Structure formats: C-alpha cells, structure tokens
Amino acid sequence: MLCASVVDRRRQGQPRLDIQALDSLGRDLISRAYADSTQQNLNSHIKSYITLCEVVSSAPFPVTVTLITHYIAYLVSLGRIYGTILNHLSSIKHMHKLLGHELTWDSDYRYKLMLRGVKRYLGTAVKRWAPNYSKFVITHGASFRFF
C-alpha cells in the first residue's frame with residue numbers, strides 16, 4: 001500500500017482532466033485524419049447526398065438501402081462514372097460510421113446487385129475472353145524455337 005505522500009506527489013504530476021478540452025482535442029485529431037483535398041471531396045459528396053435527401057424529403061442519416069439506391073440512380077442519371085460513384089458511396093459510409101451508425105446497407109443484397117447493374121449499364125464490367133494465341137504464334141512463331 002502506498003503512503004499518502006506518494007499518492008499526493010503522483011497527482012501533482014498529472015494534468016487535470018477537462019472533458020471539454022479532451023472533446024476539442026478529439027475533434028481536432030479526427031479532422032486531421034485526412035488531407036485538405038480529401039476533406040473537400042468528402043464534403044462535396046456529402047453535400048450532393050444531402051441535396052438528394054432534401055428533394056425526396058428523407059433524413060440523410062442513418063442511411064437506408066432504399067435511400068442509397070436512389071442516390072446511386074441519381075448519380076447514374078447525372079452521368080457519373082463507376083469509380084466516381086464508388087467514391088461518393090465511400091464518403092457516405094465514412095459519415096454514416098462517424099455519426100455512430102451501424103453499417104448494414106453495405107452488405108445488403110439489393111445494394112450489391114444494384115452496383116453490379118450499374119457497372120454493366122455503364123459498360124465498365126470486366127469482359128473476360130481467352131487470349132488469341134494463334135494470331136501471336138503466326139506473327140511471332142518463327143522467332144521462337146519450340147523444341
């Protein structure tokens with residue numbers, strides 16, 4: 001057991017806990033998690049999403065599957081490319097989690113199906129085919145010794 005004088009000296013070396021100061025420092029540290037340009041992109045994406053929410057008279061957070069699929073359709077109607085749509089969705093996920101909501105819509109089958117459909121609709125789906133080796137062999141075959 002420590003004597004009272006040792007406990008008193010330990011307390012003198014510790015700063016006083018100020019909850020408001022800790023909250024302020026916490027907000028500042030979170031705001032430094034991203035570069036300024038990234039933060040601007042996040043803000044722009046969230047502003048676009050909130051604008052749609054206002055038009056359809058829906059609360060933006062917590063995000064629902066129905067609302068996010070409407071937003072995806074909205075982005076497609078604006079002519080956004082698939083990668084940009086994914087960036088917008090990433091920003092919304094970030095804000096959704098930052099506000100303390102559980103991320104459930106991200107794993108919903110309808111959401112995943114819609115993204116697959118968007119990819120096909122925009123023509124960015126991966127087209128797999130077998131390579132045409134016969135043309136390569138005819139063109140370059142003489143320069144190789146196979147045996």
# chains A, B, ... in the order shown; residues from 1 in each chain; ligands from 1

call {"tool": "residues_around", "arguments": {"residues": "stretch 56-65 of chain A", "least_positions_apart": "4", "cutoff": "12 Å", "atoms": "only C-alpha atoms", "output": "number ranges by chain"}}
result
A: 46-52, 69-72, 74, 89, 92-114

call {"tool": "write_last_selection", "arguments": {"atoms": "C-alpha atoms", "output": "PDB file, in the first residue's frame"}}
result
ATOM      1  CA  ILE A  46     -21.995  14.599 -48.576  1.00  0.00           C
ATOM      2  CA  LYS A  47     -23.479  17.883 -49.809  1.00  0.00           C
ATOM      3  CA  SER A  48     -24.651  16.170 -53.008  1.00  0.00           C
ATOM      4  CA  TYR A  49     -26.190  13.330 -50.980  1.00  0.00           C
ATOM      5  CA  ILE A  50     -27.950  15.708 -48.577  1.00  0.00           C
ATOM      6  CA  THR A  51     -29.348  17.662 -51.533  1.00  0.00           C
ATOM      7  CA  LEU A  52     -30.986  14.477 -52.843  1.00  0.00           C
ATOM      8  CA  THR A  69     -30.122   3.031 -54.112  1.00  0.00           C
ATOM      9  CA  HIS A  70     -31.999   6.216 -55.022  1.00  0.00           C
ATOM     10  CA  TYR A  71     -28.753   8.123 -54.649  1.00  0.00           C
ATOM     11  CA  ILE A  72     -26.889   5.660 -56.874  1.00  0.00           C
ATOM     12  CA  TYR A  74     -29.340   9.784 -59.187  1.00  0.00           C
ATOM     13  CA  LEU A  89     -20.521   5.937 -51.593  1.00  0.00           C
ATOM     14  CA  ILE A  92     -21.319   8.451 -47.274  1.00  0.00           C
ATOM     15  CA  LYS A  93     -20.075   5.311 -45.492  1.00  0.00           C
ATOM     16  CA  HIS A  94     -17.469   7.417 -43.704  1.00  0.00           C
ATOM     17  CA  MET A  95     -20.033   9.944 -42.466  1.00  0.00           C
ATOM     18  CA  HIS A  96     -22.521   7.218 -41.572  1.00  0.00           C
ATOM     19  CA  LYS A  97     -19.955   5.492 -39.349  1.00  0.00           C
ATOM     20  CA  LEU A  98     -18.603   8.768 -37.961  1.00  0.00           C
ATOM     21  CA  LEU A  99     -22.106   9.594 -36.738  1.00  0.00           C
ATOM     22  CA  GLY A 100     -22.120   6.289 -34.849  1.00  0.00           C
ATOM     23  CA  HIS A 101     -24.483   4.313 -37.063  1.00  0.00           C
ATOM     24  CA  GLU A 102     -24.014   0.625 -37.796  1.00  0.00           C
ATOM     25  CA  LEU A 103     -23.120  -0.062 -41.424  1.00  0.00           C
ATOM     26  CA  THR A 104     -25.803  -2.511 -42.579  1.00  0.00           C
ATOM     27  CA  TRP A 105     -26.774  -1.309 -46.053  1.00  0.00           C
ATOM     28  CA  ASP A 106     -23.294  -2.019 -47.414  1.00  0.00           C
ATOM     29  CA  SER A 107     -23.839  -5.775 -47.178  1.00  0.00           C
ATOM     30  CA  ASP A 108     -27.454  -5.759 -48.382  1.00  0.00           C
ATOM     31  CA  TYR A 109     -28.074  -7.925 -51.443  1.00  0.00           C
ATOM     32  CA  ARG A 110     -30.104  -5.235 -53.240  1.00  0.00           C
ATOM     33  CA  TYR A 111     -27.264  -2.737 -52.814  1.00  0.00           C
ATOM     34  CA  LYS A 112     -24.678  -5.167 -54.190  1.00  0.00           C
ATOM     35  CA  LEU A 113     -26.980  -6.146 -57.048  1.00  0.00           C
ATOM     36  CA  MET A 114     -27.527  -2.519 -57.955  1.00  0.00           C
TER      37      MET A 114
END

call {"tool": "atom_distance", "arguments": {"atom1": "atom CA of A:His88", "atom2": "atom CA of A:Gly123"}}
result
18.9 Å

call {"tool": "closest_residue", "arguments": {"among": "A:His45, A:Leu115, A:Leu122, A:Cys53", "to": "A:Gly79", "atoms": "only C-alpha atoms"}}
result
A:Leu122

call {"tool": "select_by_dssp", "arguments": {"residues": "stretch 16-139 of chain A", "states": "helix (DSSP H, G or I)", "output": "PDB file with C-alpha atoms, in the first residue's frame"}}
result
ATOM      1  CA  ILE A  19     -13.719  16.983 -20.603  1.00  0.00           C
ATOM      2  CA  GLN A  20     -14.355  19.949 -22.887  1.00  0.00           C
ATOM      3  CA  ALA A  21     -10.660  20.239 -23.694  1.00  0.00           C
ATOM      4  CA  LEU A  22     -10.471  16.484 -24.383  1.00  0.00           C
ATOM      5  CA  ASP A  23     -13.530  16.698 -26.655  1.00  0.00           C
ATOM      6  CA  SER A  24     -11.983  19.603 -28.515  1.00  0.00           C
ATOM      7  CA  LEU A  25      -8.675  17.783 -28.919  1.00  0.00           C
ATOM      8  CA  GLY A  26     -10.508  14.646 -30.069  1.00  0.00           C
ATOM      9  CA  ARG A  27     -12.402  16.584 -32.761  1.00  0.00           C
ATOM     10  CA  ASP A  28      -9.173  18.233 -33.884  1.00  0.00           C
ATOM     11  CA  LEU A  29      -7.369  14.880 -34.163  1.00  0.00           C
ATOM     12  CA  ILE A  30     -10.225  13.358 -36.176  1.00  0.00           C
ATOM     13  CA  SER A  31     -10.264  16.360 -38.507  1.00  0.00           C
ATOM     14  CA  ASP A  36      -7.449  19.035 -47.010  1.00  0.00           C
ATOM     15  CA  SER A  37      -8.222  17.921 -50.570  1.00  0.00           C
ATOM     16  CA  THR A  38      -9.706  14.656 -49.326  1.00  0.00           C
ATOM     17  CA  GLN A  39     -11.805  16.537 -46.788  1.00  0.00           C
ATOM     18  CA  GLN A  40     -13.084  18.815 -49.566  1.00  0.00           C
ATOM     19  CA  ASN A  41     -14.093  15.766 -51.628  1.00  0.00           C
ATOM     20  CA  LEU A  42     -15.862  14.232 -48.625  1.00  0.00           C
ATOM     21  CA  ASN A  43     -17.756  17.471 -48.025  1.00  0.00           C
ATOM     22  CA  SER A  44     -18.726  17.769 -51.685  1.00  0.00           C
ATOM     23  CA  HIS A  45     -20.025  14.188 -51.797  1.00  0.00           C
ATOM     24  CA  ILE A  46     -21.995  14.599 -48.576  1.00  0.00           C
ATOM     25  CA  LYS A  47     -23.479  17.883 -49.809  1.00  0.00           C
ATOM     26  CA  SER A  48     -24.651  16.170 -53.008  1.00  0.00           C
ATOM     27  CA  TYR A  49     -26.190  13.330 -50.980  1.00  0.00           C
ATOM     28  CA  ILE A  50     -27.950  15.708 -48.577  1.00  0.00           C
ATOM     29  CA  THR A  51     -29.348  17.662 -51.533  1.00  0.00           C
ATOM     30  CA  LEU A  52     -30.986  14.477 -52.843  1.00  0.00           C
ATOM     31  CA  CYS A  53     -32.307  13.702 -49.344  1.00  0.00           C
ATOM     32  CA  GLU A  54     -33.916  17.137 -49.174  1.00  0.00           C
ATOM     33  CA  VAL A  55     -35.545  16.657 -52.585  1.00  0.00           C
ATOM     34  CA  VAL A  65     -30.911   0.712 -48.560  1.00  0.00           C
ATOM     35  CA  THR A  66     -33.781   2.443 -50.343  1.00  0.00           C
ATOM     36  CA  LEU A  67     -32.227   5.871 -49.928  1.00  0.00           C
ATOM     37  CA  ILE A  68     -28.753   4.802 -51.040  1.00  0.00           C
ATOM     38  CA  THR A  69     -30.122   3.031 -54.112  1.00  0.00           C
ATOM     39  CA  HIS A  70     -31.999   6.216 -55.022  1.00  0.00           C
ATOM     40  CA  TYR A  71     -28.753   8.123 -54.649  1.00  0.00           C
ATOM     41  CA  ILE A  72     -26.889   5.660 -56.874  1.00  0.00           C
ATOM     42  CA  ALA A  73     -29.599   6.005 -59.547  1.00  0.00           C
ATOM     43  CA  TYR A  74     -29.340   9.784 -59.187  1.00  0.00           C
ATOM     44  CA  LEU A  75     -25.564   9.689 -59.753  1.00  0.00           C
ATOM     45  CA  VAL A  76     -26.001   7.461 -62.806  1.00  0.00           C
ATOM     46  CA  SER A  77     -28.613   9.887 -64.189  1.00  0.00           C
ATOM     47  CA  TYR A  82     -18.491   3.994 -61.864  1.00  0.00           C
ATOM     48  CA  GLY A  83     -15.335   4.982 -59.966  1.00  0.00           C
ATOM     49  CA  THR A  84     -16.817   8.355 -59.041  1.00  0.00           C
ATOM     50  CA  ILE A  85     -19.985   6.659 -57.797  1.00  0.00           C
ATOM     51  CA  LEU A  86     -17.852   4.412 -55.570  1.00  0.00           C
ATOM     52  CA  ASN A  87     -16.049   7.497 -54.227  1.00  0.00           C
ATOM     53  CA  HIS A  88     -19.387   9.110 -53.350  1.00  0.00           C
ATOM     54  CA  LEU A  89     -20.521   5.937 -51.593  1.00  0.00           C
ATOM     55  CA  SER A  90     -17.267   5.744 -49.663  1.00  0.00           C
ATOM     56  CA  SER A  91     -17.790   9.294 -48.387  1.00  0.00           C
ATOM     57  CA  ILE A  92     -21.319   8.451 -47.274  1.00  0.00           C
ATOM     58  CA  LYS A  93     -20.075   5.311 -45.492  1.00  0.00           C
ATOM     59  CA  HIS A  94     -17.469   7.417 -43.704  1.00  0.00           C
ATOM     60  CA  MET A  95     -20.033   9.944 -42.466  1.00  0.00           C
ATOM     61  CA  HIS A  96     -22.521   7.218 -41.572  1.00  0.00           C
ATOM     62  CA  LYS A  97     -19.955   5.492 -39.349  1.00  0.00           C
ATOM     63  CA  LEU A  98     -18.603   8.768 -37.961  1.00  0.00           C
ATOM     64  CA  TRP A 105     -26.774  -1.309 -46.053  1.00  0.00           C
ATOM     65  CA  ASP A 106     -23.294  -2.019 -47.414  1.00  0.00           C
ATOM     66  CA  SER A 107     -23.839  -5.775 -47.178  1.00  0.00           C
ATOM     67  CA  TYR A 109     -28.074  -7.925 -51.443  1.00  0.00           C
ATOM     68  CA  ARG A 110     -30.104  -5.235 -53.240  1.00  0.00           C
ATOM     69  CA  TYR A 111     -27.264  -2.737 -52.814  1.00  0.00           C
ATOM     70  CA  LYS A 112     -24.678  -5.167 -54.190  1.00  0.00           C
ATOM     71  CA  LEU A 113     -26.980  -6.146 -57.048  1.00  0.00           C
ATOM     72  CA  MET A 114     -27.527  -2.519 -57.955  1.00  0.00           C
ATOM     73  CA  LEU A 115     -23.784  -1.831 -58.052  1.00  0.00           C
ATOM     74  CA  ARG A 116     -23.338  -4.827 -60.338  1.00  0.00           C
ATOM     75  CA  GLY A 117     -26.109  -3.493 -62.583  1.00  0.00           C
ATOM     76  CA  VAL A 118     -24.559  -0.012 -62.609  1.00  0.00           C
ATOM     77  CA  LYS A 119     -21.240  -1.492 -63.642  1.00  0.00           C
ATOM     78  CA  ARG A 120     -22.875  -3.346 -66.544  1.00  0.00           C
ATOM     79  CA  TYR A 121     -25.035  -0.346 -67.500  1.00  0.00           C
ATOM     80  CA  TYR A 133      -2.623 -17.237 -79.111  1.00  0.00           C
ATOM     81  CA  SER A 134      -2.962 -18.440 -82.697  1.00  0.00           C
ATOM     82  CA  LYS A 135      -2.517 -14.923 -84.119  1.00  0.00           C
ATOM     83  CA  PHE A 136       0.517 -14.391 -81.857  1.00  0.00           C
ATOM     84  CA  VAL A 137       2.115 -17.678 -82.924  1.00  0.00           C
ATOM     85  CA  ILE A 138       1.545 -16.962 -86.618  1.00  0.00           C
ATOM     86  CA  THR A 139       3.022 -13.459 -86.279  1.00  0.00           C
TER      87      THR A 139
END
